[in-house]
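With compact mmCIF, C-alpha atoms (C1' of nucleotides) inside, this is input-v4.txt:
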# COMPACT_ATOMS: atom_id res chain seq x y z
CA MET A 1 97.79 43.71 127.68
CA GLU A 2 94.48 44.00 129.53
CA GLN A 3 96.22 46.00 132.22
CA LEU A 4 97.68 48.33 129.59
CA TYR A 5 94.31 48.77 127.91
CA LYS A 6 92.82 49.68 131.25
CA GLN A 7 95.12 52.67 131.53
CA LEU A 8 93.75 53.89 128.20
CA GLN A 9 90.25 54.17 129.66
CA LEU A 10 89.03 57.76 129.76
CA GLU A 11 87.87 57.30 133.35
CA ASN A 12 91.44 56.56 134.39
CA GLN A 13 93.04 59.52 132.71
CA LEU A 14 94.17 62.33 135.00
CA CYS A 15 95.24 64.29 131.93
CA PHE A 16 91.74 64.24 130.51
CA SER A 17 90.22 65.43 133.77
CA ILE A 18 92.58 68.42 133.75
CA TYR A 19 91.85 69.11 130.08
CA ALA A 20 88.08 68.93 130.50
CA THR A 21 88.04 70.86 133.78
CA SER A 22 90.05 73.63 132.20
CA ARG A 23 87.45 74.07 129.48
CA GLU A 24 84.54 73.93 131.91
CA ILE A 25 86.24 76.65 133.96
CA THR A 26 86.44 78.87 130.88
CA LYS A 27 82.70 78.41 130.45
CA VAL A 28 82.07 79.43 134.06
CA TYR A 29 84.06 82.61 133.49
CA LYS A 30 82.33 83.43 130.21
CA PRO A 31 79.24 85.30 131.48
CA LEU A 32 81.32 87.12 134.10
CA LEU A 33 83.96 88.20 131.59
CA ASP A 34 81.36 89.17 128.99
CA LYS A 35 80.48 92.04 131.32
CA LEU A 36 84.07 93.27 130.99
CA GLY A 37 84.18 92.52 127.25
CA VAL A 38 87.16 90.17 127.43
CA THR A 39 87.89 86.47 126.93
CA TYR A 40 89.52 84.22 129.52
CA PRO A 41 93.05 84.42 128.04
CA GLN A 42 92.65 88.20 127.78
CA TYR A 43 91.61 88.27 131.44
CA LEU A 44 94.82 86.41 132.30
CA ALA A 45 96.81 89.07 130.43
CA LEU A 46 94.99 91.72 132.46
CA LEU A 47 95.84 89.90 135.70
CA VAL A 48 99.57 90.15 135.03
CA LEU A 49 99.27 93.75 133.84
CA TRP A 50 97.36 94.77 136.98
CA GLU A 51 100.25 93.32 138.96
CA HIS A 52 103.16 94.59 136.85
CA GLU A 53 101.84 97.74 135.16
CA THR A 54 104.23 97.33 132.20
CA LEU A 55 106.05 94.30 130.85
CA SER A 56 107.42 92.86 127.62
CA VAL A 57 105.64 90.29 125.49
CA LYS A 58 108.37 87.84 126.40
CA LYS A 59 107.88 88.35 130.14
CA MET A 60 104.11 88.01 129.78
CA GLY A 61 104.67 84.82 127.81
CA GLU A 62 106.84 83.42 130.58
CA LEU A 63 104.26 84.22 133.24
CA LEU A 64 101.31 82.81 131.26
CA TYR A 65 103.22 79.97 129.53
CA LEU A 66 102.16 81.37 126.15
CA ASP A 67 104.28 82.29 123.14
CA SER A 68 104.22 85.24 120.77
CA GLY A 69 102.10 83.37 118.24
CA THR A 70 99.27 83.48 120.74
CA LEU A 71 100.03 86.77 122.47
CA THR A 72 100.76 89.04 119.51
CA PRO A 73 97.34 88.78 117.84
CA MET A 74 95.55 88.68 121.20
CA LEU A 75 97.31 91.84 122.41
CA LYS A 76 96.51 93.54 119.10
CA ARG A 77 92.83 92.79 119.68
CA MET A 78 93.15 94.21 123.17
CA GLN A 79 94.81 97.30 121.73
CA ASP A 80 91.90 97.68 119.29
CA GLN A 81 89.62 97.62 122.34
CA GLU A 82 91.82 100.30 123.93
CA LEU A 83 92.66 98.11 126.91
CA VAL A 84 96.44 98.05 126.35
CA ILE A 85 99.19 100.00 124.60
CA ARG A 86 101.95 98.26 122.63
CA GLN A 87 105.24 100.11 122.14
CA ARG A 88 108.70 99.03 121.10
CA SER A 89 111.55 99.58 123.47
CA HIS A 90 113.99 102.33 122.51
CA GLU A 91 116.94 100.52 124.09
CA ASP A 92 116.25 97.25 122.29
CA GLU A 93 114.07 97.45 119.22
CA ARG A 94 113.27 93.74 119.38
CA VAL A 95 111.32 94.19 122.61
CA VAL A 96 107.67 95.26 122.71
CA PHE A 97 106.36 96.63 125.99
CA ILE A 98 102.72 96.21 126.94
CA SER A 99 101.04 98.60 129.35
CA LEU A 100 97.51 99.37 130.45
CA THR A 101 95.34 102.23 129.28
CA GLU A 102 93.13 104.03 131.79
CA LYS A 103 90.24 101.90 130.54
CA GLY A 104 92.29 98.77 131.18
CA LYS A 105 93.22 99.91 134.69
CA LYS A 106 89.62 100.64 135.55
CA LEU A 107 88.50 97.11 134.70
CA ARG A 108 90.33 95.88 137.80
CA ASP A 109 87.59 97.09 140.13
CA LYS A 110 84.91 95.44 138.00
CA ALA A 111 86.91 92.18 138.07
CA CYS A 112 87.45 92.17 141.83
CA HIS A 113 84.54 89.93 142.68
CA ILE A 114 85.07 87.38 139.92
CA PRO A 115 87.34 85.04 141.96
CA GLU A 116 84.79 84.60 144.72
CA GLU A 117 81.94 84.14 142.25
CA VAL A 118 83.86 81.36 140.52
CA PHE A 119 84.83 79.85 143.87
CA SER A 120 81.18 79.56 144.86
CA MET A 121 80.52 77.18 141.97
CA ALA A 122 83.20 74.67 142.93
CA ASN A 123 81.40 73.02 145.86
CA LYS A 124 84.74 72.61 147.62
CA SER A 125 86.27 74.10 150.73
CA GLN A 126 88.81 76.88 150.54
CA GLY A 127 91.40 74.54 152.00
CA GLU A 128 90.77 71.77 149.53
CA LEU A 129 91.04 74.18 146.60
CA GLU A 130 94.24 75.65 148.05
CA LYS A 131 95.72 72.16 148.29
CA LEU A 132 94.62 71.42 144.74
CA LYS A 133 96.26 74.60 143.50
CA GLU A 134 99.56 73.76 145.18
CA THR A 135 99.64 70.24 143.77
CA LEU A 136 98.91 71.57 140.30
CA GLN A 137 101.59 74.24 140.56
CA GLU A 138 104.14 71.58 141.42
CA LEU A 139 102.96 69.45 138.52
CA LEU A 140 103.02 72.47 136.21
CA HIS A 141 106.59 73.18 137.22
CA SER A 142 107.73 69.61 136.59
CA LEU A 143 106.08 69.44 133.19
CA HIS A 144 107.30 72.85 132.13
CA THR A 145 110.87 72.03 133.10
CA TYR A 146 110.62 68.83 131.10
CA ASN A 147 109.13 70.62 128.08
CA GLN A 148 111.91 73.19 128.05
CA LYS A 149 114.55 70.56 127.35
CA MET B 1 90.09 96.45 148.27
CA GLU B 2 93.64 95.27 148.84
CA GLN B 3 92.26 91.88 149.84
CA LEU B 4 90.22 91.74 146.66
CA TYR B 5 93.20 92.71 144.51
CA LYS B 6 95.20 89.95 146.13
CA GLN B 7 92.77 87.36 144.79
CA LEU B 8 93.46 88.70 141.31
CA GLN B 9 97.13 87.77 141.55
CA LEU B 10 98.12 85.08 139.09
CA GLU B 11 99.93 83.15 141.82
CA ASN B 12 96.65 82.80 143.72
CA GLN B 13 94.57 81.55 140.83
CA LEU B 14 93.69 77.88 140.89
CA CYS B 15 91.96 78.30 137.53
CA PHE B 16 95.14 79.50 135.89
CA SER B 17 97.15 76.58 137.24
CA ILE B 18 94.62 74.19 135.69
CA TYR B 19 94.63 76.10 132.41
CA ALA B 20 98.44 76.23 132.17
CA THR B 21 98.92 72.63 133.31
CA SER B 22 96.48 71.44 130.68
CA ARG B 23 98.52 73.04 127.93
CA GLU B 24 101.82 71.76 129.30
CA ILE B 25 100.33 68.26 129.34
CA THR B 26 99.43 68.58 125.67
CA LYS B 27 103.06 69.47 124.97
CA VAL B 28 104.27 66.38 126.86
CA TYR B 29 101.98 64.20 124.72
CA LYS B 30 103.03 65.86 121.45
CA PRO B 31 106.17 63.82 120.64
CA LEU B 32 104.46 60.59 121.76
CA LEU B 33 101.36 61.24 119.66
CA ASP B 34 103.38 62.38 116.66
CA LYS B 35 104.47 58.76 116.35
CA LEU B 36 100.80 57.81 115.94
CA GLY B 37 100.08 60.78 113.68
CA VAL B 38 97.34 62.24 115.89
CA THR B 39 96.78 65.32 118.06
CA TYR B 40 95.79 65.22 121.73
CA PRO B 41 92.04 65.80 121.11
CA GLN B 42 92.16 63.13 118.40
CA TYR B 43 93.83 60.77 120.88
CA LEU B 44 90.95 61.39 123.28
CA ALA B 45 88.50 60.46 120.53
CA LEU B 46 90.46 57.27 119.97
CA LEU B 47 90.32 56.48 123.70
CA VAL B 48 86.54 56.48 123.70
CA LEU B 49 86.39 54.54 120.43
CA TRP B 50 88.75 51.87 121.75
CA GLU B 51 86.37 51.47 124.67
CA HIS B 52 83.06 51.68 122.82
CA GLU B 53 83.83 50.49 119.29
CA THR B 54 81.01 52.57 117.79
CA LEU B 55 79.18 55.61 119.09
CA SER B 56 77.34 58.70 117.88
CA VAL B 57 78.86 62.14 117.65
CA LYS B 58 76.51 63.22 120.43
CA LYS B 59 77.63 60.45 122.77
CA MET B 60 81.28 61.21 122.04
CA GLY B 61 80.61 64.87 122.76
CA GLU B 62 79.05 63.98 126.11
CA LEU B 63 82.01 61.82 127.08
CA LEU B 64 84.64 64.37 126.02
CA TYR B 65 82.65 67.51 126.92
CA LEU B 66 83.01 68.72 123.32
CA ASP B 67 80.34 69.89 120.88
CA SER B 68 79.77 69.21 117.20
CA GLY B 69 81.52 72.41 116.18
CA THR B 70 84.73 70.85 117.45
CA LEU B 71 84.05 67.20 116.72
CA THR B 72 82.64 67.34 113.19
CA PRO B 73 85.74 68.85 111.51
CA MET B 74 88.08 66.85 113.73
CA LEU B 75 86.38 63.56 112.89
CA LYS B 76 86.45 64.48 109.19
CA ARG B 77 90.22 64.92 109.45
CA MET B 78 90.43 61.54 111.17
CA GLN B 79 88.36 60.04 108.40
CA ASP B 80 90.76 61.54 105.83
CA GLN B 81 93.55 59.76 107.71
CA GLU B 82 91.50 56.56 107.54
CA LEU B 83 91.34 56.20 111.31
CA VAL B 84 87.55 56.36 111.61
CA ILE B 85 84.41 55.83 109.54
CA ARG B 86 81.46 58.23 109.71
CA GLN B 87 78.05 56.90 108.73
CA ARG B 88 74.52 58.16 109.27
CA SER B 89 72.11 55.99 111.17
CA HIS B 90 69.37 54.35 109.12
CA GLU B 91 66.90 54.46 112.01
CA ASP B 92 67.45 58.17 112.68
CA GLU B 93 69.01 60.18 109.89
CA ARG B 94 70.06 62.95 112.28
CA VAL B 95 72.52 60.65 114.00
CA VAL B 96 76.05 60.03 112.73
CA PHE B 97 77.84 56.97 114.03
CA ILE B 98 81.62 56.95 114.36
CA SER B 99 83.53 53.70 114.27
CA LEU B 100 87.15 52.63 113.95
CA THR B 101 88.88 51.38 110.84
CA GLU B 102 91.37 48.52 111.13
CA LYS B 103 94.12 51.15 111.10
CA GLY B 104 92.43 52.96 113.96
CA LYS B 105 92.06 49.75 115.96
CA LYS B 106 95.71 48.87 115.50
CA LEU B 107 96.88 52.17 116.96
CA ARG B 108 95.72 50.96 120.36
CA ASP B 109 98.73 48.72 120.82
CA LYS B 110 101.09 51.52 119.86
CA ALA B 111 99.37 53.80 122.38
CA CYS B 112 99.50 51.32 125.26
CA HIS B 113 102.66 52.66 126.84
CA ILE B 114 101.82 56.35 126.55
CA PRO B 115 100.11 56.63 129.97
CA GLU B 116 103.14 55.34 131.85
CA GLU B 117 105.51 57.49 129.82
CA VAL B 118 103.51 60.59 130.69
CA PHE B 119 103.26 59.48 134.32
CA SER B 120 107.04 59.30 134.58
CA MET B 121 107.33 63.03 133.89
CA ALA B 122 105.06 64.13 136.70
CA ASN B 123 107.45 63.57 139.63
CA LYS B 124 104.52 62.51 141.78
CA SER B 125 103.47 59.25 143.38
CA GLN B 126 100.76 57.09 141.90
CA GLY B 127 98.63 57.76 144.97
CA GLU B 128 98.99 61.50 144.82
CA LEU B 129 98.04 61.57 141.14
CA GLU B 130 95.07 59.29 141.83
CA LYS B 131 93.87 61.67 144.54
CA LEU B 132 94.38 64.63 142.21
CA LYS B 133 92.32 62.91 139.51
CA GLU B 134 89.46 62.22 141.90
CA THR B 135 89.37 65.80 143.15
CA LEU B 136 89.37 67.11 139.61
CA GLN B 137 86.62 64.73 138.54
CA GLU B 138 84.43 66.02 141.37
CA LEU B 139 85.23 69.60 140.40
CA LEU B 140 84.56 68.82 136.75
CA HIS B 141 81.18 67.37 137.66
CA SER B 142 80.18 70.42 139.74
CA LEU B 143 81.21 72.87 137.05
CA HIS B 144 79.58 70.90 134.25
CA THR B 145 76.32 70.63 136.16
CA TYR B 146 76.41 74.37 136.72
CA ASN B 147 77.22 75.10 133.07
CA GLN B 148 74.30 72.98 131.86
CA LYS B 149 71.76 75.25 133.55
C1' DC C 1 46.74 64.07 110.15
C1' DA C 2 48.79 68.80 110.60
C1' DC C 3 51.42 71.57 113.65
C1' DT C 4 54.74 72.46 116.97
C1' DA C 5 58.66 71.43 119.68
C1' DT C 6 62.78 68.96 120.20
C1' DT C 7 66.83 66.67 118.81
C1' DT C 8 71.00 66.16 116.19
C1' DA C 9 74.80 67.55 113.07
C1' DA C 10 76.69 70.75 110.28
C1' DT C 11 78.04 75.42 109.35
C1' DT C 12 79.84 80.00 110.29
C1' DG C 13 82.54 83.33 112.60
C1' DT C 14 85.74 84.60 116.15
C1' DG C 15 89.43 83.58 119.16
C1' DT C 16 92.91 81.02 120.91
C1' DA C 17 97.21 77.61 120.75
C1' DT C 18 101.41 76.06 118.84
C1' DA C 19 105.10 74.57 115.54
C1' DA C 20 107.93 76.43 112.19
C1' DT C 21 109.79 80.10 109.71
C1' DT C 22 111.23 84.86 109.01
C1' DA C 23 113.27 89.17 110.08
C1' DA C 24 115.39 92.45 112.73
C1' DA C 25 118.40 93.66 116.36
C1' DT C 26 121.87 92.79 119.66
C1' DA C 27 125.73 90.37 121.69
C1' DA C 28 129.75 87.53 121.39
C1' DA C 29 133.71 85.72 119.23
C1' DA C 30 137.49 85.47 116.09
C1' DT D 1 135.59 94.80 113.08
C1' DT D 2 133.48 91.47 110.36
C1' DT D 3 131.26 87.20 111.22
C1' DT D 4 128.41 84.24 113.81
C1' DA D 5 125.14 83.13 117.24
C1' DT D 6 121.37 84.46 120.03
C1' DT D 7 117.32 86.88 121.22
C1' DT D 8 112.81 88.71 120.38
C1' DA D 9 108.44 89.47 117.86
C1' DA D 10 105.89 88.76 114.05
C1' DT D 11 104.06 85.78 110.54
C1' DT D 12 102.13 81.60 108.56
C1' DA D 13 99.72 77.38 108.58
C1' DT D 14 97.10 73.98 110.96
C1' DA D 15 94.02 72.52 114.53
C1' DC D 16 91.13 73.04 118.10
C1' DA D 17 87.08 75.43 120.97
C1' DC D 18 82.67 77.33 121.27
C1' DA D 19 78.58 80.48 120.60
C1' DA D 20 75.08 81.07 117.43
C1' DT D 21 72.59 79.79 113.53
C1' DT D 22 70.76 76.59 110.12
C1' DA D 23 68.67 72.50 108.39
C1' DA D 24 66.90 68.15 108.56
C1' DA D 25 64.56 64.63 110.96
C1' DT D 26 61.82 62.87 114.60
C1' DA D 27 58.55 62.98 118.36
C1' DG D 28 54.69 64.77 120.62
C1' DT D 29 50.07 67.06 120.77
C1' DG D 30 45.48 68.17 119.68

Would you mind writing the file out in C-alpha cells?
Amino acid sequence: MEQLYKQLQLENQLCFSIYATSREITKVYKPLLDKLGVTYPQYLALLVLWEHETLSVKKMGELLYLDSGTLTPMLKRMQDQELVIRQRSHEDERVVFISLTEKGKKLRDKACHIPEEVFSMANKSQGELEKLKETLQELLHSLHTYNQK
Amino acid sequence: MEQLYKQLQLENQLCFSIYATSREITKVYKPLLDKLGVTYPQYLALLVLWEHETLSVKKMGELLYLDSGTLTPMLKRMQDQELVIRQRSHEDERVVFISLTEKGKKLRDKACHIPEEVFSMANKSQGELEKLKETLQELLHSLHTYNQK
DNA sequence: CACTATTTAATTGTGTATAATTAAATAAAA
DNA sequence: TTTTATTTAATTATACACAATTAAATAGTG
C-alpha cells in the first residue's frame, strides 16, 4: 500500500507536470498575445488558418483536438473582432467554413517573432526542446487513439 | 520570412503539443475519476491533501500553481460533496485551512490504482516517462520563475 | 498609537473545455 | 422512395482558469 500511495504523490505525477506546464506556457504567451488582441486558443486557431487559408470547423477541431462546443463560441468572438469569416458550405449545409479576413492575415507578421521569444524563456537547448516535442507528439497520438475508442 | 512562418506551423509547436496532451490526459482520467465522483483538478487537490492532511488555500495554490479564483469555488463544491472541510484560522483570520473528511480520506484507497492504469495507456517505458517528467519539471520551474517577475 | 503596506481569500467578469442533447442535412439501406 | 443511420454544428449546463478588484486582517514604521 505504501508503494501505491507513493505514486499518488504530486511530485511523482507526470500528468500534473504536463498540466501545470501547459498553464504556465499560456501565461508566458499572454503579454505577447495581448499585443495582437487574442487569447492562446485563438492564436492556435490563427496558426491553422495561416497554414490552410480556409477550413471547416470539423477540420479545425481535428487539428487542434477541440470540439464544436469550444470552437463555435470562440470563432464567433473572433468574427466579432473581424479576424475570421464564418460561412456555411453551399454543397453541404451542415458544414461551416472558416477563413481569414485581411486583418486576420496581417496578424501573421506581428506573430512571427513570438516562437523565438517564448523559446528564450525555456532555458533549454533547441535540441532538447525538439526531443521533448517529439516525445509529447507520440504520447499525444497514443492517448488520442485511446480516447477515440 | 519563410523561416519565420515555418515556426508558426502547428506541427513545429512544442507548446501546442503540451497543451493538447494535457487535455487528452484529462480525458483519459475522466472515466477513472467518475468512479470517485471528482474532476481532474479536484483529484489534484485530493493528492496534496492526502500528502499534507491540512493546508491553507494559499499553500495548495502554490503546490498546484492555481489561484484563489480557481480554488475557492472548486473547494466549495468539494465541501458540498463532503470531501473537504474549510475553516478559517483562529490565529490569522485571513487564512482558510482545508482538510479532509473521512469520506475524502477513504477515496485514497480507491484512487491507488489510477496511476498505473493511466501509465498503461501511454505506450512508453517507465524510464522514458520518468525522463519526460524531469524535463517538464525543469521547464515548469523556469517558466514559473519567469512568470513570477 | 496611528498610518501605511502587505497578505490572504473572495468576488467578478471573460474565456475556454467538454459532455450531452438537439437539429438539420446528407447518405445508405430496404 | 421512404426509412434509418450518420454527420456536422450549435446549444446547454457544469466546471475550470485567470486577471483585476475588493475587503478584511495583519505586520511594519515612525

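Proximity ranking of C:DT21, C:DT16, C:DT6, C:DA30 relative to chain A places C:DT16 first, based on all atoms listed in the file.
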
Given the choices A:Thr72, A:Gly37, A:Leu136, A:Val57, which gets closest to A:Leu14 if the distance is worked out from all atoms listed in the file? A:Leu136

Excluding stretch 105-116 of chain B and its own-chain neighbours fewer than 5 positions away, which residues fall within 10 Å of it when counting all atoms listed in the file? Please give them as a PyMOL selection string. (chain A and resi 1-8+12-15) or (chain B and resi 29+32-33+35-37+43+46-47+49-50+53+83-84+99-100+121)

Please determine, counting only C-alpha atoms (C1' of nucleotides), which residue among D:DT8, D:DT3, D:DT14, D:DT21 has the shortest atom-to-atom distance to C:DG13. D:DT21

What would you get as a short mmCIF file (atom, residue, chain, number, x, y, z; two decimals) with C-alpha atoms, keeping the file's coordinate frame if chain A were moved onto chain B by least squares over all of its C-alpha atoms in order?
data_model
loop_
_atom_site.label_atom_id
_atom_site.label_comp_id
_atom_site.auth_asym_id
_atom_site.auth_seq_id
_atom_site.Cartn_x
_atom_site.Cartn_y
_atom_site.Cartn_z
CA MET A 1 90.05 96.45 148.25
CA GLU A 2 93.61 95.25 148.84
CA GLN A 3 92.25 91.87 149.83
CA LEU A 4 90.19 91.73 146.63
CA TYR A 5 93.17 92.72 144.50
CA LYS A 6 95.17 89.96 146.11
CA GLN A 7 92.77 87.36 144.77
CA LEU A 8 93.44 88.70 141.28
CA GLN A 9 97.11 87.77 141.55
CA LEU A 10 98.09 85.08 139.06
CA GLU A 11 99.90 83.17 141.80
CA ASN A 12 96.63 82.80 143.69
CA GLN A 13 94.57 81.55 140.81
CA LEU A 14 93.68 77.86 140.86
CA CYS A 15 91.95 78.31 137.52
CA PHE A 16 95.14 79.51 135.88
CA SER A 17 97.13 76.59 137.23
CA ILE A 18 94.62 74.18 135.69
CA TYR A 19 94.63 76.10 132.41
CA ALA A 20 98.42 76.22 132.16
CA THR A 21 98.92 72.63 133.31
CA SER A 22 96.48 71.43 130.70
CA ARG A 23 98.51 73.05 127.94
CA GLU A 24 101.81 71.77 129.31
CA ILE A 25 100.33 68.26 129.35
CA THR A 26 99.44 68.58 125.67
CA LYS A 27 103.06 69.46 124.98
CA VAL A 28 104.26 66.38 126.87
CA TYR A 29 101.99 64.21 124.73
CA LYS A 30 103.05 65.85 121.47
CA PRO A 31 106.19 63.82 120.63
CA LEU A 32 104.49 60.59 121.75
CA LEU A 33 101.38 61.23 119.67
CA ASP A 34 103.40 62.37 116.65
CA LYS A 35 104.49 58.75 116.34
CA LEU A 36 100.83 57.79 115.94
CA GLY A 37 100.10 60.78 113.69
CA VAL A 38 97.36 62.24 115.89
CA THR A 39 96.80 65.31 118.06
CA TYR A 40 95.82 65.21 121.73
CA PRO A 41 92.07 65.79 121.14
CA GLN A 42 92.17 63.13 118.41
CA TYR A 43 93.84 60.76 120.88
CA LEU A 44 90.97 61.39 123.30
CA ALA A 45 88.50 60.46 120.54
CA LEU A 46 90.48 57.26 119.98
CA LEU A 47 90.34 56.46 123.71
CA VAL A 48 86.54 56.46 123.72
CA LEU A 49 86.39 54.53 120.44
CA TRP A 50 88.76 51.85 121.75
CA GLU A 51 86.37 51.46 124.67
CA HIS A 52 83.05 51.67 122.81
CA GLU A 53 83.84 50.49 119.27
CA THR A 54 80.99 52.56 117.78
CA LEU A 55 79.16 55.61 119.09
CA SER A 56 77.33 58.71 117.89
CA VAL A 57 78.87 62.16 117.68
CA LYS A 58 76.51 63.23 120.43
CA LYS A 59 77.63 60.44 122.77
CA MET A 60 81.29 61.19 122.05
CA GLY A 61 80.60 64.84 122.78
CA GLU A 62 79.06 63.95 126.12
CA LEU A 63 82.01 61.79 127.10
CA LEU A 64 84.65 64.34 126.03
CA TYR A 65 82.65 67.49 126.95
CA LEU A 66 82.99 68.70 123.36
CA ASP A 67 80.31 69.82 120.92
CA SER A 68 79.75 69.14 117.24
CA GLY A 69 81.50 72.35 116.21
CA THR A 70 84.72 70.83 117.48
CA LEU A 71 84.07 67.17 116.75
CA THR A 72 82.67 67.33 113.21
CA PRO A 73 85.74 68.85 111.54
CA MET A 74 88.11 66.85 113.76
CA LEU A 75 86.39 63.56 112.91
CA LYS A 76 86.47 64.49 109.22
CA ARG A 77 90.24 64.92 109.48
CA MET A 78 90.45 61.56 111.18
CA GLN A 79 88.36 60.05 108.40
CA ASP A 80 90.75 61.55 105.84
CA GLN A 81 93.54 59.76 107.72
CA GLU A 82 91.49 56.55 107.54
CA LEU A 83 91.35 56.21 111.31
CA VAL A 84 87.54 56.36 111.61
CA ILE A 85 84.40 55.84 109.54
CA ARG A 86 81.45 58.25 109.72
CA GLN A 87 78.01 56.95 108.74
CA ARG A 88 74.50 58.21 109.29
CA SER A 89 72.09 56.05 111.19
CA HIS A 90 69.34 54.43 109.12
CA GLU A 91 66.85 54.57 112.00
CA ASP A 92 67.42 58.26 112.68
CA GLU A 93 69.00 60.26 109.90
CA ARG A 94 70.06 63.01 112.29
CA VAL A 95 72.52 60.70 114.03
CA VAL A 96 76.05 60.08 112.75
CA PHE A 97 77.83 56.99 114.04
CA ILE A 98 81.60 56.94 114.37
CA SER A 99 83.52 53.68 114.29
CA LEU A 100 87.14 52.62 113.96
CA THR A 101 88.87 51.37 110.85
CA GLU A 102 91.37 48.52 111.13
CA LYS A 103 94.12 51.14 111.08
CA GLY A 104 92.43 52.95 113.96
CA LYS A 105 92.07 49.74 115.97
CA LYS A 106 95.71 48.87 115.49
CA LEU A 107 96.89 52.17 116.96
CA ARG A 108 95.73 50.95 120.38
CA ASP A 109 98.76 48.71 120.81
CA LYS A 110 101.12 51.52 119.84
CA ALA A 111 99.38 53.80 122.38
CA CYS A 112 99.53 51.32 125.25
CA HIS A 113 102.68 52.66 126.82
CA ILE A 114 101.84 56.35 126.54
CA PRO A 115 100.13 56.63 129.97
CA GLU A 116 103.16 55.34 131.84
CA GLU A 117 105.54 57.49 129.81
CA VAL A 118 103.53 60.59 130.69
CA PHE A 119 103.28 59.48 134.32
CA SER A 120 107.06 59.30 134.58
CA MET A 121 107.35 63.03 133.89
CA ALA A 122 105.05 64.12 136.71
CA ASN A 123 107.45 63.58 139.62
CA LYS A 124 104.52 62.51 141.78
CA SER A 125 103.48 59.26 143.38
CA GLN A 126 100.76 57.11 141.88
CA GLY A 127 98.64 57.75 144.94
CA GLU A 128 99.00 61.49 144.81
CA LEU A 129 98.05 61.56 141.13
CA GLU A 130 95.07 59.29 141.81
CA LYS A 131 93.89 61.67 144.53
CA LEU A 132 94.38 64.62 142.20
CA LYS A 133 92.34 62.91 139.51
CA GLU A 134 89.46 62.23 141.88
CA THR A 135 89.36 65.80 143.15
CA LEU A 136 89.37 67.11 139.59
CA GLN A 137 86.61 64.74 138.52
CA GLU A 138 84.43 66.01 141.35
CA LEU A 139 85.21 69.59 140.39
CA LEU A 140 84.54 68.81 136.73
CA HIS A 141 81.17 67.37 137.65
CA SER A 142 80.17 70.41 139.71
CA LEU A 143 81.20 72.86 137.02
CA HIS A 144 79.58 70.89 134.24
CA THR A 145 76.31 70.64 136.12
CA TYR A 146 76.41 74.38 136.69
CA ASN A 147 77.21 75.09 133.03
CA GLN A 148 74.30 72.98 131.83
CA LYS A 149 71.76 75.24 133.50
#

Using 10 Å as the limit and counting only C-alpha atoms (C1' of nucleotides), can you tabulate each residue of chain D that touches chain A, with its shortest atom-to-atom distance in Å and the two atoms involved, as a tab-separated table?
residue	atom	partner	partner_atom	distance
D:DT7	C1'	A:Arg94	CA	8.2
D:DT8	C1'	A:Arg94	CA	5.1
D:DA9	C1'	A:Arg94	CA	6.6
D:DA10	C1'	A:Thr72	CA	7.5
D:DT11	C1'	A:Gly69	CA	8.3
D:DT12	C1'	A:Gly69	CA	9.8
D:DA17	C1'	A:Arg23	CA	8.6
D:DC18	C1'	A:Lys27	CA	9.2

May I have the residues of chain C within 9 Å of chain A, counting only C-alpha atoms (C1' of nucleotides), written as a ChimeraX atom specification? /C:15-18,24-26

Top pick for closest residue to chain A, considering B:Leu143, B:Gln148, B:Gln79, B:Val38 and counting only C-alpha atoms: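 Among the listed residues, the smallest separation from chain A belongs to B:Leu143.
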
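Atom CA of B:Ile98 lies 14.2 Å from atom C1' of C:DT8.
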
Of the residues A:Thr101, A:Thr21, A:Gln81, A:Ser89, which is the one nearest to chain B, using only C-alpha atoms?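 Among A:Thr101, A:Thr21, A:Gln81, A:Ser89, it is A:Thr21 that comes nearest to chain B.
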